[in-house]
Structure formats: structure tokens, C-alpha cells
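Structure file work07.txt (compact mmCIF, C-alpha atoms and all ligand atoms) is printed below.
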# COMPACT_ATOMS: atom_id res chain seq x y z
CA MET A 12 -1.87 -16.46 41.90
CA PRO A 13 -0.35 -13.07 41.05
CA ASN A 14 -0.96 -11.51 44.51
CA LYS A 15 -0.35 -13.02 47.93
CA ASN A 16 -3.83 -12.35 49.29
CA PRO A 17 -5.88 -11.20 46.34
CA ARG A 18 -8.74 -8.93 47.36
CA ILE A 19 -12.20 -9.88 46.17
CA LEU A 20 -15.30 -7.70 46.34
CA ILE A 21 -18.59 -9.58 46.19
CA ILE A 22 -21.73 -7.55 45.43
CA ASP A 23 -24.83 -9.60 46.17
CA ASP A 24 -27.91 -8.82 48.29
CA ASP A 25 -28.08 -12.44 49.54
CA GLU A 26 -26.03 -12.31 52.76
CA GLY A 27 -26.05 -16.08 53.20
CA PHE A 28 -24.62 -16.54 49.73
CA CYS A 29 -21.97 -13.94 50.40
CA GLN A 30 -20.98 -15.76 53.58
CA LEU A 31 -20.73 -19.09 51.79
CA VAL A 32 -18.55 -17.70 49.04
CA SER A 33 -16.38 -15.74 51.53
CA ASN A 34 -15.73 -18.83 53.64
CA ARG A 35 -14.67 -20.84 50.65
CA LEU A 36 -12.50 -18.13 49.10
CA GLU A 37 -10.84 -17.18 52.39
CA ARG A 38 -9.86 -20.82 52.91
CA SER A 39 -8.13 -20.58 49.54
CA GLY A 40 -6.15 -17.52 50.61
CA PHE A 41 -8.35 -14.72 49.25
CA SER A 42 -9.39 -11.74 51.28
CA VAL A 43 -13.09 -11.00 50.71
CA VAL A 44 -15.23 -7.89 51.23
CA SER A 45 -19.02 -8.24 50.89
CA ALA A 46 -21.39 -5.51 49.76
CA ASN A 47 -25.10 -6.27 49.98
CA SER A 48 -26.38 -3.46 47.78
CA ALA A 49 -25.42 -1.77 44.50
CA ALA A 50 -24.63 1.48 46.33
CA ALA A 51 -22.39 -0.25 48.89
CA GLY A 52 -20.66 -2.13 46.08
CA LEU A 53 -19.94 1.06 44.13
CA GLU A 54 -18.63 2.71 47.28
CA GLU A 55 -16.26 -0.16 48.10
CA ASN A 56 -15.09 -0.35 44.51
CA ALA A 57 -14.30 3.36 44.49
CA ALA A 58 -12.66 3.38 47.92
CA SER A 59 -10.00 0.69 47.47
CA GLU A 60 -8.30 -1.61 45.02
CA PHE A 61 -9.71 -5.07 44.40
CA ASP A 62 -8.24 -7.78 42.26
CA VAL A 63 -11.63 -9.14 41.16
CA VAL A 64 -15.26 -8.06 41.65
CA LEU A 65 -18.01 -10.71 41.77
CA LEU A 66 -21.26 -9.14 40.66
CA ASP A 67 -24.74 -10.63 41.01
CA HIS A 68 -27.13 -10.16 38.12
CA VAL A 69 -30.23 -9.67 40.31
CA LEU A 70 -30.00 -6.79 42.73
CA PRO A 71 -32.98 -5.01 44.31
CA GLU A 72 -32.13 -1.42 43.39
CA GLN A 73 -30.27 -1.82 40.19
CA ASP A 74 -29.86 -4.35 37.42
CA GLY A 75 -26.42 -6.01 37.52
CA LEU A 76 -25.69 -5.06 33.91
CA SER A 77 -26.05 -1.31 34.53
CA LEU A 78 -23.96 -1.62 37.71
CA LEU A 79 -21.33 -3.41 35.61
CA ALA A 80 -20.88 -0.29 33.47
CA ALA A 81 -20.63 1.96 36.53
CA LEU A 82 -18.02 -0.29 38.17
CA GLN A 83 -15.88 -0.22 35.06
CA SER A 84 -15.95 3.54 34.71
CA ARG A 85 -13.10 4.06 37.16
CA SER A 86 -9.54 3.89 35.90
CA ASN A 87 -7.75 0.57 36.32
CA ALA A 88 -11.09 -1.06 37.13
CA PRO A 89 -10.70 -4.64 38.37
CA PRO A 90 -12.01 -7.50 36.21
CA ILE A 91 -15.62 -8.45 36.93
CA VAL A 92 -16.93 -12.01 37.15
CA TYR A 93 -20.68 -11.94 36.57
CA LEU A 94 -22.92 -14.19 38.68
CA THR A 95 -26.22 -15.30 37.28
CA GLY A 96 -28.80 -17.47 38.97
CA MET A 97 -30.71 -18.25 35.84
CA GLN A 98 -29.60 -20.71 33.27
CA ASP A 99 -29.99 -17.85 30.85
CA SER A 100 -27.21 -17.68 28.30
CA ARG A 101 -28.50 -14.33 27.02
CA VAL A 102 -27.66 -12.63 30.32
CA ALA A 103 -24.19 -14.18 30.26
CA VAL A 104 -23.60 -13.02 26.68
CA ALA A 105 -24.85 -9.51 27.56
CA ALA A 106 -22.50 -9.37 30.55
CA LEU A 107 -19.51 -10.49 28.48
CA LYS A 108 -20.39 -7.96 25.80
CA ALA A 109 -20.61 -5.26 28.46
CA GLY A 110 -17.05 -6.04 29.51
CA ALA A 111 -17.31 -8.76 32.16
CA ALA A 112 -14.19 -10.93 32.29
CA ASP A 113 -16.21 -14.11 32.77
CA TYR A 114 -19.53 -15.39 34.12
CA VAL A 115 -20.49 -18.20 36.48
CA VAL A 116 -23.93 -19.70 36.93
CA LYS A 117 -24.92 -19.83 40.62
CA ASP A 118 -25.72 -23.47 41.23
CA LEU A 119 -25.09 -24.25 44.84
CA HIS A 120 -25.45 -27.98 44.39
CA GLY A 121 -22.93 -28.34 41.60
CA ASP A 122 -19.34 -27.31 41.06
CA PHE A 123 -20.22 -23.65 41.41
CA LEU A 124 -17.58 -22.73 43.99
CA LEU A 125 -14.84 -24.53 42.13
CA LEU A 126 -15.87 -22.85 38.86
CA LEU A 127 -15.99 -19.51 40.63
CA GLU A 128 -12.48 -19.90 42.01
CA ASN A 129 -11.22 -20.84 38.55
CA ALA A 130 -12.96 -17.86 37.00
CA ILE A 131 -11.39 -15.54 39.60
CA THR A 132 -7.90 -16.93 39.02
CA ASN A 133 -8.28 -16.69 35.24
CA ALA A 134 -9.63 -13.16 35.42
CA MET A 135 -6.72 -12.07 37.60
CA PHE A 136 -4.21 -13.72 35.33
CA THR A 137 -5.72 -12.26 32.15
CA THR A 138 -5.90 -8.80 33.67
CA ALA A 139 -2.30 -8.95 34.85
CA LEU A 140 -1.25 -9.98 31.34
CA LYS A 141 -3.32 -7.22 29.78
CA ARG A 142 -1.86 -4.57 32.09
CA GLU A 143 1.65 -5.84 31.42
CA ARG A 144 1.00 -5.62 27.68
CA GLU A 145 -0.38 -2.10 28.05
CA ARG A 146 2.69 -1.08 30.04
CA ALA A 147 4.99 -2.56 27.39
CA GLU A 148 3.06 -0.86 24.60
CA ALA A 149 3.21 2.45 26.41
CA ALA A 150 6.97 2.02 26.86
CA VAL A 151 7.35 1.28 23.13
CA ARG A 152 5.22 4.33 22.27
CA THR A 153 7.32 6.56 24.53
CA ALA A 154 10.55 5.20 23.06
CA ARG A 155 9.20 5.73 19.54
CA ASP A 156 8.14 9.30 20.33
CA GLU A 157 11.53 10.04 21.84
CA PHE A 158 13.29 8.54 18.85
CA LYS A 159 11.13 10.55 16.46
CA ALA A 160 11.81 13.77 18.35
CA LEU A 161 15.55 13.03 18.35
CA ALA A 162 15.55 12.25 14.64
CA GLU A 163 13.68 15.48 13.91
CA GLU A 164 16.11 17.45 16.02
CA ARG A 165 19.04 15.80 14.26
CA ALA A 166 17.60 16.59 10.82
CA LEU A 167 17.05 20.18 11.89
CA LEU A 168 20.62 20.51 13.15
CA LEU A 169 22.01 18.99 9.97
CA ARG A 170 19.98 21.42 7.91
CA GLU A 171 21.24 24.26 10.08
CA VAL A 172 24.85 23.12 9.60
CA ASN A 173 24.42 22.84 5.84
CA HIS A 174 22.86 26.27 5.78
CA ARG A 175 25.82 27.76 7.60
CA VAL A 176 28.39 25.92 5.49
CA SER A 177 26.62 27.05 2.33
CA ASN A 178 26.52 30.68 3.52
CA SER A 179 30.18 30.63 4.51
CA LEU A 180 31.22 29.16 1.17
CA GLN A 181 29.12 31.70 -0.65
CA LEU A 182 30.88 34.42 1.29
CA ILE A 183 34.26 33.03 0.24
CA ALA A 184 33.04 32.90 -3.37
CA SER A 185 31.99 36.55 -3.16
CA LEU A 186 35.38 37.53 -1.74
CA LEU A 187 37.13 35.78 -4.64
CA HIS A 188 34.79 37.51 -7.05
CA PHE A 189 35.51 40.97 -5.63
CA GLN A 190 39.21 40.30 -5.54
CA GLY A 191 39.03 39.35 -9.23
CA ASP A 192 37.13 42.53 -9.96
CA VAL A 193 39.75 44.78 -8.43
CA SER A 194 42.74 42.97 -9.98
CA GLY A 195 44.30 44.66 -13.00
CA ASN A 196 45.89 41.44 -14.26
CA ALA A 197 43.80 39.43 -16.73
CA ASP A 198 45.34 36.09 -15.67
CA VAL A 199 44.66 36.80 -12.02
CA LYS A 200 41.11 37.80 -12.90
CA ALA A 201 40.59 34.54 -14.83
CA ALA A 202 42.13 32.41 -12.09
CA LEU A 203 39.96 34.00 -9.41
CA LYS A 204 36.85 33.59 -11.54
CA GLU A 205 37.61 29.87 -11.84
CA ALA A 206 38.29 29.56 -8.13
CA ASN A 207 34.99 31.34 -7.51
CA GLY A 208 33.20 28.77 -9.71
CA ARG A 209 34.77 25.83 -7.86
CA VAL A 210 33.73 27.20 -4.46
CA LEU A 211 30.19 27.80 -5.75
CA ALA A 212 30.00 24.17 -6.90
CA VAL A 213 30.60 23.01 -3.31
CA ALA A 214 28.36 25.71 -1.80
CA ARG A 215 25.50 24.61 -4.05
CA VAL A 216 25.67 21.04 -2.71
CA HIS A 217 25.18 22.29 0.84
CA ARG A 218 22.41 24.59 -0.30
CA SER A 219 20.56 21.71 -1.92
CA LEU A 220 21.08 19.63 1.26
CA TYR A 221 19.49 22.12 3.57
CA THR A 222 16.50 22.50 1.33
CA SER A 223 16.01 18.74 0.97
CA PHE A 224 14.21 16.32 3.28
CA ASP A 225 16.91 13.69 3.08
CA VAL A 226 20.47 14.84 3.58
CA ARG A 227 21.86 11.62 2.15
CA TRP A 228 20.83 12.47 -1.39
CA VAL A 229 21.16 15.31 -3.84
CA THR A 230 18.88 15.47 -6.87
CA LEU A 231 21.47 15.87 -9.58
CA SER A 232 19.36 17.70 -12.17
CA ASP A 233 18.21 20.34 -9.64
CA TYR A 234 21.73 20.77 -8.33
CA LEU A 235 23.34 21.17 -11.78
CA ALA A 236 20.58 23.50 -12.99
CA SER A 237 21.20 25.88 -10.07
CA LEU A 238 24.98 25.53 -10.39
CA ILE A 239 24.70 26.52 -14.05
CA ARG A 240 22.70 29.62 -13.08
CA ASP A 241 25.48 30.54 -10.63
CA LEU A 242 28.12 30.07 -13.34
CA GLU A 243 26.16 32.22 -15.78
CA ASP A 244 26.20 34.99 -13.19
CA VAL A 245 29.92 34.52 -12.51
CA SER A 246 30.85 34.64 -16.19
CA GLY A 247 28.94 37.79 -16.90
CA GLY A 248 25.30 36.96 -17.27
CA GLU A 249 24.78 40.31 -18.94
CA SER A 250 26.20 38.89 -22.16
CA SER A 251 23.06 37.83 -23.98
CA ASN A 252 24.79 35.49 -26.44
CA SER A 253 26.10 33.20 -23.71
CA VAL A 254 23.61 30.39 -23.36
CA ILE A 255 24.07 27.33 -21.21
CA SER A 256 21.34 24.75 -21.64
CA PHE A 257 20.83 21.74 -19.41
CA SER A 258 18.90 18.53 -19.46
CA GLY A 259 19.35 15.66 -17.07
CA ALA A 260 18.09 12.17 -16.28
CA PRO A 261 16.21 11.88 -12.97
CA ILE A 262 18.87 10.56 -10.60
CA GLN A 263 19.94 11.19 -7.05
CA ILE A 264 23.51 10.98 -5.83
CA SER A 265 25.43 11.18 -2.58
CA PRO A 266 26.64 14.66 -1.56
CA ASP A 267 30.27 13.60 -2.11
CA ALA A 268 29.57 12.44 -5.64
CA ALA A 269 27.59 15.66 -6.23
CA VAL A 270 30.64 17.73 -5.26
CA SER A 271 32.84 15.78 -7.69
CA ILE A 272 30.36 16.04 -10.55
CA GLY A 273 29.70 19.70 -9.77
CA ILE A 274 33.37 20.61 -9.86
CA VAL A 275 33.96 18.74 -13.15
CA THR A 276 30.91 20.45 -14.66
CA THR A 277 32.21 23.83 -13.50
CA GLU A 278 35.62 23.21 -15.07
CA LEU A 279 34.14 22.04 -18.36
CA ILE A 280 31.65 24.90 -18.62
CA LEU A 281 34.27 27.52 -17.76
CA ASN A 282 36.62 25.94 -20.32
CA ALA A 283 33.95 26.10 -22.99
CA LEU A 284 33.20 29.73 -22.19
CA LYS A 285 36.88 30.63 -22.01
CA HIS A 286 38.46 28.64 -24.84
CA ALA A 287 35.74 27.72 -27.31
CA TYR A 288 34.59 31.21 -28.12
CA PRO A 289 37.64 33.50 -28.19
CA ASN A 290 35.69 36.17 -30.03
CA GLY A 291 32.61 36.23 -27.89
CA ARG A 292 30.17 33.74 -26.53
CA GLY A 293 28.07 30.91 -27.84
CA GLN A 294 26.07 27.88 -26.89
CA VAL A 295 27.13 25.44 -24.17
CA ARG A 296 25.01 22.33 -23.68
CA VAL A 297 25.18 20.26 -20.51
CA LEU A 298 23.55 16.85 -20.53
CA ILE A 299 23.29 13.96 -18.06
CA ARG A 300 22.76 10.74 -19.96
CA LEU A 301 21.82 7.54 -18.17
CA ARG A 302 23.01 4.27 -19.69
CA GLU A 303 22.60 0.70 -18.49
CA SER A 304 25.41 0.65 -15.94
CA GLU A 305 27.02 4.03 -16.50
CA ILE A 306 26.26 7.71 -16.49
CA ASP A 307 27.63 10.24 -18.96
CA LEU A 308 28.05 13.90 -18.18
CA LEU A 309 28.38 15.75 -21.50
CA VAL A 310 29.46 19.35 -21.96
CA GLU A 311 29.34 20.47 -25.59
CA ASP A 312 30.12 23.68 -27.39
CA ASP A 313 30.06 24.84 -31.02
CA GLY A 314 33.34 26.69 -30.69
CA VAL A 315 36.78 26.62 -32.27
CA GLY A 316 37.54 23.10 -31.07
CA THR A 317 40.64 21.82 -29.32
CA GLN A 318 43.53 22.78 -31.53
CA ASP A 319 46.11 19.98 -31.46
CA ASP A 320 46.08 17.28 -28.79
CA PRO A 321 42.87 17.01 -26.84
CA PRO A 322 43.24 18.78 -23.46
CA GLU A 323 43.54 15.58 -21.41
CA LYS A 324 46.51 14.38 -23.53
CA LYS A 325 48.54 17.60 -23.30
CA LYS A 326 51.97 17.17 -21.77
CA ARG A 327 51.70 20.26 -19.58
CA ARG A 328 48.21 19.97 -18.29
CA GLY A 329 46.44 23.02 -16.89
CA LEU A 330 45.11 23.11 -13.34
CA GLY A 331 41.62 22.48 -14.75
CA GLN A 332 42.63 19.16 -16.30
CA ARG A 333 44.30 18.07 -13.07
CA ILE A 334 41.25 18.92 -11.02
CA ILE A 335 39.02 17.07 -13.48
CA ALA A 336 41.31 14.01 -13.36
CA GLY A 337 41.18 13.97 -9.56
CA MET A 338 37.39 14.23 -9.43
CA ALA A 339 36.96 11.62 -12.19
CA GLU A 340 39.10 9.24 -10.16
CA LYS A 341 36.88 9.76 -7.12
CA LEU A 342 33.88 8.80 -9.23
CA GLU A 343 35.84 5.84 -10.67
CA GLY A 344 35.20 7.43 -14.04
CA ALA A 345 37.14 8.87 -16.96
CA LEU A 346 37.01 11.95 -19.16
CA ARG A 347 37.41 11.99 -22.93
CA TYR A 348 37.05 14.67 -25.57
CA GLU A 349 35.29 14.26 -28.91
CA LYS A 350 35.73 16.60 -31.86
CA LEU A 351 32.50 18.08 -33.19
CA SER A 352 32.20 20.13 -36.34
CA PRO A 353 32.27 22.70 -35.09
CA GLY A 354 33.15 22.46 -31.45
CA THR A 355 34.11 20.10 -28.66
CA ARG A 356 32.31 17.57 -26.57
CA ALA A 357 33.75 16.59 -23.20
CA VAL A 358 32.34 13.35 -21.83
CA LEU A 359 32.81 12.23 -18.23
CA THR A 360 31.71 8.62 -17.86
CA PHE A 361 31.33 7.00 -14.44
CA PRO A 362 29.74 3.76 -13.27
CA LEU A 363 26.44 3.50 -11.40
CA GLY A 364 26.99 2.47 -7.78
CA ASP A 365 25.54 2.59 -4.27
CA HIS A 366 26.08 6.35 -4.21
CA ILE A 367 23.69 6.82 -7.14
CA ARG A 368 20.02 5.96 -7.36
CA VAL A 369 17.87 6.27 -10.40
CA LEU A 370 14.38 7.60 -9.79
CA GLU A 371 11.58 5.73 -11.52
CA SER A 372 10.03 8.98 -12.69
CA GLU A 373 10.24 12.67 -11.98
CA LYS A 374 7.26 12.12 -9.69
CA ALA A 375 9.43 10.15 -7.28
CA LEU A 376 11.37 13.33 -6.59
CA THR A 377 8.66 14.74 -4.36
N1 LIG A 401 35.87 23.53 -24.89
C1 LIG A 401 37.13 23.75 -25.31
N2 LIG A 401 37.36 24.29 -26.52
C2 LIG A 401 38.61 24.55 -26.95
N3 LIG A 401 39.71 24.30 -26.21
C3 LIG A 401 39.58 23.78 -24.99
C4 LIG A 401 38.27 23.48 -24.46
N4 LIG A 401 38.43 22.95 -23.24
C5 LIG A 401 39.74 22.94 -23.00
N5 LIG A 401 40.45 23.42 -24.04
C6 LIG A 401 41.91 23.50 -24.16
O1 LIG A 401 42.49 22.68 -23.17
C7 LIG A 401 43.39 23.40 -22.37
C8 LIG A 401 43.44 22.86 -20.95
O2 LIG A 401 42.32 23.22 -20.18
P1 LIG A 401 42.47 23.42 -18.63
O3 LIG A 401 43.22 22.29 -18.07
O4 LIG A 401 41.12 23.66 -18.11
O5 LIG A 401 43.37 24.68 -18.46
P2 LIG A 401 43.01 26.22 -18.57
O6 LIG A 401 41.54 26.32 -18.69
O7 LIG A 401 43.52 26.78 -17.32
O8 LIG A 401 43.74 26.69 -19.77
C9 LIG A 401 42.94 24.82 -22.49
O9 LIG A 401 43.98 25.74 -22.28
C10 LIG A 401 42.43 24.87 -23.90
O10 LIG A 401 43.47 25.11 -24.79
MG MG A 402 40.14 25.41 -17.47

Reformat the file's structure so that it appears as C-alpha cells.
Amino acid sequence: MPNKNPRILIIDDDEGFCQLVSNRLERSGFSVVSANSAAAGLEENAASEFDVVLLDHVLPEQDGLSLLAALQSRSNAPPIVYLTGMQDSRVAVAALKAGAADYVVKDLHGDFLLLLENAITNAMFTTALKRERERAEAAVRTARDEFKALAEERALLLREVNHRVSNSLQLIASLLHFQGDVSGNADVKAALKEANGRVLAVARVHRSLYTSFDVRWVTLSDYLASLIRDLEDVSGGESSNSVISFSGAPIQISPDAAVSIGIVTTELILNALKHAYPNGRGQVRVLIRLRESEIDLLVEDDGVGTQDDPPEKKKRRGLGQRIIAGMAEKLEGALRYEKLSPGTRAVLTFPLGDHIRVLESEKALT
């Protein structure tokens, strides 16, 4: 028995019956309150806590079934065992449907009292279990709500951090740009323009992170498309014959991999703009090509071509080639140059891995 002296309320207009049931239940350790009318029963039920209510079907003022609904309307209502004098299964079914925990047929010559005691014990046990389950479910709900709120707060903070980092990097890029503008030395100008491009490549990753729902992934095509727009601005977007085109397979990559790919792309595009077209500007094509277990990043131009050795084989490599080599190593990839007629194609090949996921279709991006 869950309680030491479980409290039972019996609502029945037959005082003799109430007495009989009380005597029996009190001998078994229950504490019993009798109410001989519907009104008295409702009052007792509202005034204190009972573990079980025994409710008679036939009451003078009110039908037991309608009283059943009233008794259950209070919060934490005790379970109700319905008492019926008739061998009428329809009443029992109606009572169970209306929410009674159990029913017992009043048959004073049979095992009625024993059945009643069993019904009371079962009702108490079932109710205790139900309440325990409700408590546990409420605790799970609260924990889930708290977790959700924490996760939302965390995502918001991360977005905020990425926003700030992106703004700071953009500020640094602007400073480099202005410094390049005021310098009278062409080499210094060129070096600062390249440094500006590299910083923008990193800034763009943070920008795409704070605008995305999932900070673990960067959509490569979106990232490179906006990086290319930045680079067009940096290298004098006013020049109408400088065209950088882009097309990319639908893949997502980790922010770290995005930084590496972004920096390599920046170097290759700036090289094409700087070296391929000494007398002006021309086409640069950037392409992300997905193969079975590898990805190719291609940057092509129709320019003068690499003169002697390809850039990556030169003995005295420029800073650009060293940066590219470092980033390629991070991606476990390699860079090679192919001669086009006319022009140059730089191909960075790196393997697919856990830091890259291929989207089934463009639709999966949203
Ligand atoms: N698209 C290209 N077309 C022609 N020459 C190129 C191209 N890309 C690179 N090169 C050659 O490779 C060299 C090395 O490039 P890099 O390491 O980026 O150094 P930098 O750009 O500072 O000269 C360049 O100086 C240039 O001669
Ligand atoms: Mg370069």
C-alpha cells in the first residue's frame, strides 16, 4: 500500500452499507470518511485529499455518473471506484468510460468486500504510477525546453561572434586597401592588394557562418561566389573586360576547409588577373568539379600562359605559391598547372572526407 493509512471517501446514501464497508476497511488499515449524499460527497472531496473515492451509482439527488464527472473536475482528483448494485454491465462500462478507475458490483453475500479492497489497492497503485509517470514526463519536458533554450542561445552567440569576427576582418581588409591606395610604389600596392584578398577570403567564411543556420558547414558555391564578387571589387571592378565566372557542384564543407579553399582560390584568381593579361584584362573561369572520391577546384584563364616552368616548379617560388602549397597540404590535396592554348589552368585536387558533404540536390541547401 503506497500510504500508511490511505484515506477513503465513500459516497452512498445507505448508512448501513457505509458502516459495513468502513468497518472492514478500517480493520485493513484504511481511514474512511462517509458521505450520505452527493452534496456531502462533493464537499468532502473538495475539502481534503483522499486516496480513493467509492461512489454509489444510485443516489437520491443525483445520478452517480454525473457526480463522477463533478468529482473528477478538481485537480489531482483521486481515483474513483464505482459501486453498482445492479448486475448491469452497461452501467459499469459507462462509469469506466467516464473515467472511473474500476467498478465493483455490490453483492453483500459474495466476495464483494474482498473485491472492493482489491479494487481500492489497484486504483491507488495505478494512480501512483500514473502520477509518477506524469512527474517524470514533466521533468523530461522541462529538461528538453531548457536544452532547447540553451542551444538557441549558443547558436545566437556563435552567430554574434562570427558577425564580429567578419566585421573586424573586413575592417582590416579596408585598411590594407587604403594603405595600398596611398602607396606610390607599384610593388607595395600589388602586395597590399593581395593581402587584402587573403583577409577577405577569411572574412567571407565568417560572414557565411553568421548567415547560416548551421555553423558547422559552409555552402561552398555560395561562399566562392561572394568571395569572387569581393575580389572583382578589389581588383578594380570598374574595368568592364575583367570577367570572373563561377560554377560549382552543390557541396558543403567545414569552415576550416572553406578558409583553405578560399585562400587558394584568391591566390589563383589574383595570379590570373595579374600575370595572364599583362595588357589588360580577360576571362577567368572558376569551377568546382566533383569526382567520385575527389574534388577539383579549377581556375582557368585565356592569357599569355606560364612562360617556362609552371609556377609550382619554379626554384624561387613566390609567396603565392608557398601559401597555396600550405593550404593544399591542409586539404591533403595538390596543385598542378595545365597549359591551355591560350592560357593556363590551375587545378587543386583534394580528397572527399568527413569535412565535406555532398548535397543530393540544390534543394537540400535550404
Ligand atoms: N595564370 C597565370 N598566367 C601566367 N603566369 C602565371 C599565372 N599564375 C602564376 N603565374 C606565374 O607564376 C609565378 C608565381 O606566382 P606566385 O607564386 O603567385 O607569385 P606572384 O604572384 O607573387 O608573382 C608568377 O610570378 C607568374 O610568373
Ligand atoms: Mg600570386

As lines of an AutoDock Vina configuration file, please report the centre and edge lengths, rounded to one decimal in Å, of the axis-aligned box that holds all listed atoms of ligand LIG 401 (chain A) with 5 Å of padding on each of the six sides.
center_x = 39.9
center_y = 24.5
center_z = -22.1
size_x = 18.1
size_y = 14.5
size_z = 19.6

* **Protein and nucleic acid residues within 7 Å of ligand LIG 401 (chain A) (only C-alpha atoms and all ligand atoms) as number ranges by chain** => A: 278-279, 282-283, 286-287, 312, 314-318, 321-322, 328-333, 354-355

* In file coordinates, which residues lie within 10 Å of (-8.9, -13.6, 36.2) using all atoms listed in the file, given as a ChimeraX atom specification? -> /A:12-13,62-63,89-92,112-113,128-140

* Asked: So how far away is atom CA of Ala269 of chain A from atom CA of Leu281 of chain A, in Å?
  ->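 Spanning atom CA of Leu281 of chain A to atom CA of Ala269 of chain A is a straight-line distance of 17.8 Å.
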
* Structure fact -> Among A:Ser45, A:Ser185, A:Ser304, A:Thr276, ligand MG 402 (chain A) is approached most closely, using all atoms listed in the file, by A:Thr276

* **Top pick for closest residue to Thr277 of chain A, considering A:Ala57, A:Val254, A:Leu242, A:Leu309 and counting all atoms listed in the file** =>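 Among the listed residues, A:Leu242 lies closest to Thr277 of chain A.
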
* Structure fact -> Of A:Ile274, A:Ile19, A:Val32, A:Ala214, the one nearest to ligand MG 402 (chain A) when counting only C-alpha atoms and all ligand atoms is A:Ile274

* **Pairwise distance for atom CA of Val64 of chain A and atom CA of Ala46 of chain A, rounded to one decimal in Å** => 10.5 Å

* Asked: To one decimal place, how far is atom CA of Leu65 of chain A from atom CA of Arg146 of chain A in Å?
  ->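 So the answer is 25.7 Å.
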
* **A:Glu323, A:Glu371, A:Ala339, A:Ser265 ranked by distance to ligand MG 402 (chain A), top pick (using all atoms listed in the file)** =>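 Among the listed residues, the smallest separation from ligand MG 402 (chain A) belongs to A:Glu323.
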
* To do: Would you kindly identify which residues have an atom no farther than 6 Å from (28.6, 22.5, -26.7), using all atoms listed in the file and the file's own coordinates, and write them out as a count of residues only?
  => 7

* To do: Mind checking which residues fall within 12 Å of Asp23 of chain A, counting only C-alpha atoms, ignoring those fewer than 4 positions away in the same chain, and posting them as a PyMOL selection string?
  => chain A and resi 27-33+44-53+64-75+78+93-96+117
